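A.B. asks: Let me begin by handing over the structure; questions about it come next.
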Amino acid sequence: MKILIAGAGGFIGGHLSTNLFDEGAEIVCADIKPFEYWFQFNDNFKNFSLDLKKYENCLKITEGVDYVYNMACNMGGMGFIENNKAECMLSVLINTNLLRACLKNSVKKYFFSSSACVYNSSKQSETFVEGLKEVDAYPADPEDGYGWEKLFSERMCRHFYEDFKLETRVVRYHNVYGPFGTYDGGREKAPAAICRKIALAKIKKMDEIEVWGDGKQTRSFMYIDDCIIGTKRIFNSQSNEVYNLGSEEQVSINQLIDIIEEIADYKVERKYLLDKPKGVRGRSSDNTKILSEFDWAPNIKLKDGLEKTYRWIFDQIKSGDNTNKFAKNY
C-alpha cells in the first residue's frame, strides 16, 4: 500500500511514518516545516515540504495514494492553543482540502486525528472527573479555537462518508507524549515541559521550577507506542464511528511532578503561576467503547512512559540540543 502521512514532520506523524514503513508500506510524507525541522526524517520516504492548507498541494501529494493519515494541524500545549485561536482554526483548511483531494484522486480510506479538546467544557470543571465518553462532545462547547476546528473537521469527515462514500476514520487523542516530541519553545505539553524543567534543574542544580496553575488540575496522558497501536487498529477496522484514544490513568499535575521527580531522583520546590493558561480543570478518557469493540485500550503505565521520555529529554538537554528543531515554532 502507498500511504500518505500529512503532518509527518510532527511528533505523532514521525512515529507513525516509521512504524508503517517498517511494516512494508510505501510512505509519502508531507509537512509545512522545512526538512531540517522534521522531528524524524527518512530518505526512504517520498518527502514534501509544503503548505497543506492549499488545495493544489493536497492534490499533488494524494495522487496515486491508497490511504491518508491526516496528522497535520497548527497546535501545541495549552499555552499555545489559548493564545493562537485563529491560527489553530485555520487548520480546517488542511482537512477540507485533503478530503476534496482524496475524492478527486480516489483515495480508499482517510484518517483524521481529532482531540479531547472537542469535549463539552461543562463536563471538565472539576478535578478527577469521570472519563469522557464519545457522546460527551454534544451539546457542543469545546475548547475555543482548536477544539472547534477539530469538532467541525470531525463533522466534515462524517459527511464526506455519508455523501460521497469516502471511508473515514476519526480518533480523539488524549495528551500524547514520548521521545522525539516538542519539549521547549512554547508548544510543548505538560509531560515534556515538566521533564524539561526538572532535567534543567538537576543539571544546573536549581531548587525550584515554575508550574502553570495550582497543580491540582488533572489529565490522563498516553504514551506514543499506545497511540500508534490504537491508531492502526481503528484505521484498519470496518467502523467509521468516532473513538477515544487515551489513557484512563488520571493524575494531577502535582502527581505528575512527583513521578518525574522520582524518575530523575531530584526534588524541587514548586512556584505556582496562577495567571498562566491551564485549560479545563479535569479531563480523562473513557475507554469503554474501544475496549468493547477492539478488546484493547492504551495500557502503558504513566511512570513507564515517563521514564523513557525523561531520559530522552535529559540527554537532549545534556548534549546541548535543547535549542534544536524540537523547540522550533512552526
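Here's how to read the names in the C-alpha cells: chain A, B, ... by the order shown, residue numbers from 1 in each chain, ligand numbers from 1 in the order shown.
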Per residue of region 125-232 of chain A within 12 Å of region 30-49 of chain A, which atom pair is closest and at what distance in Å (one decimal), using only C-alpha atoms, listed by chain and increasing number, as a Markdown table?

C.D. replies:
| residue | atom | partner | partner_atom | distance |
| --- | --- | --- | --- | --- |
| A:Pro179 | CA | A:Phe39 | CA | 9.9 |
| A:Phe180 | CA | A:Phe39 | CA | 6.1 |
| A:Gly181 | CA | A:Phe39 | CA | 7.0 |
| A:Thr182 | CA | A:Phe39 | CA | 8.5 |
| A:Tyr183 | CA | A:Phe39 | CA | 11.6 |

A.B. asks: Tell me, as a VMD selection string, which residues lie within 6 Å of Gly246 (chain A), counting only C-alpha atoms; anything in the same chain fewer than 5 positions away does not count.

C.D. replies: chain A and resid 173 to 174 222 285

A.B. asks: Next, dump the selected residues to file, keeping only C-alpha atoms, as a compact mmCIF listing (two decimals), in the first residue's frame.

C.D. replies:
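After the write, selection_26.txt holds the following:
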# COMPACT_ATOMS: atom_id res chain seq x y z
CA TYR A 173 -6.35 11.74 21.06
CA HIS A 174 -5.86 12.43 24.76
CA MET A 222 -0.99 8.40 26.60
CA SER A 285 -10.61 9.25 28.64

A.B. asks: Mind the document's chain letters and residue numbers, and return as a VMD selection string the residues of region 43-273 of chain A that DSSP labels strand (DSSP E or B).

C.D. replies: chain A and resid 46 to 49 67 to 70 109 to 115 132 167 to 173 176 to 177 208 to 212 218 to 220 222 to 223 242 to 245 250 to 252 269 to 273

A.B. asks: Measure the distance from CA of Arg233 (chain A) to CA of Phe294 (chain A) in Å and round it to one decimal.

C.D. replies: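 These atoms are spaced 7.8 Å apart.
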
A.B. asks: I want to know what sits within 12 Å of Phe221 (chain A), based on only C-alpha atoms, with residues of the same chain fewer than 3 positions away left out; could you give that as a VMD selection string?

C.D. replies: chain A and resid 116 173 to 178 189 to 192 218 224 226 to 227 245 to 253 256 283 to 285 298 to 306

A.B. asks: With only C-alpha atoms counted and 10 Å as the cut-off, give the residues of region 207-282 of chain A in contact with region 58-78 of chain A, each with its shortest interatomic distance in Å and the pair that gives it, as a tab-separated table.

C.D. replies:
residue	atom	partner	partner_atom	distance
A:Trp212	CA	A:Met78	CA	9.9
A:Thr231	CA	A:Tyr69	CA	9.6
A:Lys232	CA	A:Tyr69	CA	10.0
A:Phe235	CA	A:Tyr69	CA	8.9
A:Lys276	CA	A:Met78	CA	9.4
A:Pro277	CA	A:Met78	CA	6.2
A:Lys278	CA	A:Met78	CA	6.4
A:Gly279	CA	A:Met78	CA	6.3
A:Val280	CA	A:Met78	CA	9.7

A.B. asks: Rounded to one decimal place, report the CA of Arg169 (chain A)-CA of Ser113 (chain A) distance in Å.

C.D. replies: 8.6 Å

A.B. asks: Tell me, as a ChimeraX atom specification, which residues lie within 12 Å of Ile234 (chain A), counting only C-alpha atoms; anything in the same chain fewer than 4 positions away does not count.

C.D. replies: /A:69,109-113,168-172,227-230,238-245,289-291,293-297

A.B. asks: Can you tell me, as a list in words, what residues are no more than 7 Å from region 90-98 of chain A when counting only C-alpha atoms, ignoring any on the same chain fewer than 4 positions away?

C.D. replies: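 Counting only the stated atoms, we get Leu52, Lys53, Lys54, Tyr55, Cys58, Cys73, Asn74, Ala86, Cys102, Glu149 and Ser153 of chain A.
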
A.B. asks: Figure out the distance between CA of Arg100 (chain A) and CA of Cys157 (chain A), please, to one decimal in Å.

C.D. replies: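 Those two atoms sit 10.6 Å apart.
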
A.B. asks: Fewer than 6 positions away in the same chain doesn't count, so skip those; otherwise give me all residues within 7 Å of region 120-123 of chain A, counting only C-alpha atoms, as a PDB file with N, CA and C atoms, in the first residue's frame.

C.D. replies:
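Below is the file selection_25.pdb, written as the result:
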ATOM      1  N   ASP A 136     -20.075  12.636  24.850  1.00  0.00           N
ATOM      2  CA  ASP A 136     -19.988  13.852  25.660  1.00  0.00           C
ATOM      3  C   ASP A 136     -19.528  15.075  24.873  1.00  0.00           C
ATOM      4  N   ALA A 137     -19.269  14.911  23.582  1.00  0.00           N
ATOM      5  CA  ALA A 137     -18.893  16.072  22.762  1.00  0.00           C
ATOM      6  C   ALA A 137     -20.105  16.953  22.446  1.00  0.00           C
ATOM      7  N   TYR A 138     -21.301  16.412  22.645  1.00  0.00           N
ATOM      8  CA  TYR A 138     -22.519  17.160  22.346  1.00  0.00           C
ATOM      9  C   TYR A 138     -23.435  17.150  23.553  1.00  0.00           C
ATOM     10  N   PRO A 139     -24.152  18.274  23.827  1.00  0.00           N
ATOM     11  CA  PRO A 139     -24.170  19.516  23.053  1.00  0.00           C
ATOM     12  C   PRO A 139     -22.797  20.185  23.049  1.00  0.00           C
ATOM     13  N   ALA A 140     -22.473  20.819  21.933  1.00  0.00           N
ATOM     14  CA  ALA A 140     -21.109  21.280  21.696  1.00  0.00           C
ATOM     15  C   ALA A 140     -20.747  22.512  22.530  1.00  0.00           C
ATOM     16  N   ASP A 141     -19.612  22.409  23.204  1.00  0.00           N
ATOM     17  CA  ASP A 141     -18.979  23.541  23.889  1.00  0.00           C
ATOM     18  C   ASP A 141     -17.498  23.198  24.063  1.00  0.00           C
ATOM     19  N   PRO A 142     -16.769  23.061  22.942  1.00  0.00           N
ATOM     20  CA  PRO A 142     -15.384  22.604  23.008  1.00  0.00           C
ATOM     21  C   PRO A 142     -14.414  23.709  23.378  1.00  0.00           C
ATOM     22  N   VAL A 280      -8.960  23.226  31.000  1.00  0.00           N
ATOM     23  CA  VAL A 280     -10.068  22.750  31.827  1.00  0.00           C
ATOM     24  C   VAL A 280      -9.521  22.194  33.139  1.00  0.00           C
TER      25      VAL A 280
END

A.B. asks: Within 8 Å of Asp144 (chain A), counting only C-alpha atoms, which residues show up once you throw out same-chain ones fewer than 3 positions away? Write them as a ChimeraX atom specification, please.

C.D. replies: /A:82,85,147-148

A.B. asks: Nearest to Lys271 (chain A): which of A:Gly186, A:Gly24, A:Gly9, A:Gly215 is it, counting only C-alpha atoms?

C.D. replies: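 Of all the options, A:Gly215 lies closest to Lys271 (chain A).
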
A.B. asks: According to DSSP computed on the backbone, where in region 78-291 of chain A is there helix (DSSP H, G or I)? Give the residues as a PyMOL selection string.

C.D. replies: chain A and resi 78-83+85-89+92-104+116-118+121-124+134-137+146-164+190-204+224-235+253-264+288-291

A.B. asks: Which is closer to Lys165 (chain A) than all the others in A:Ile263, A:Met89, A:Val107, A:Val118, using only C-alpha atoms?

C.D. replies: A:Val107

A.B. asks: Of the residues A:Glu126, A:Glu134, A:Glu154, A:Asp315, which is the one nearest to Gly282 (chain A), using only C-alpha atoms?

C.D. replies: A:Glu126

A.B. asks: With only C-alpha atoms as the basis for distance, which of A:Glu162, A:Glu26, A:Asp51, A:Glu143 is at the shortest distance from Gly7 (chain A)?

C.D. replies: A:Asp51

A.B. asks: With only C-alpha atoms as the atoms that count, which of A:Ile260, A:Glu167, A:Gly79, A:Met1 lies nearest to Gly185 (chain A)?

C.D. replies: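 Smallest distance to Gly185 (chain A) is found for A:Gly79.
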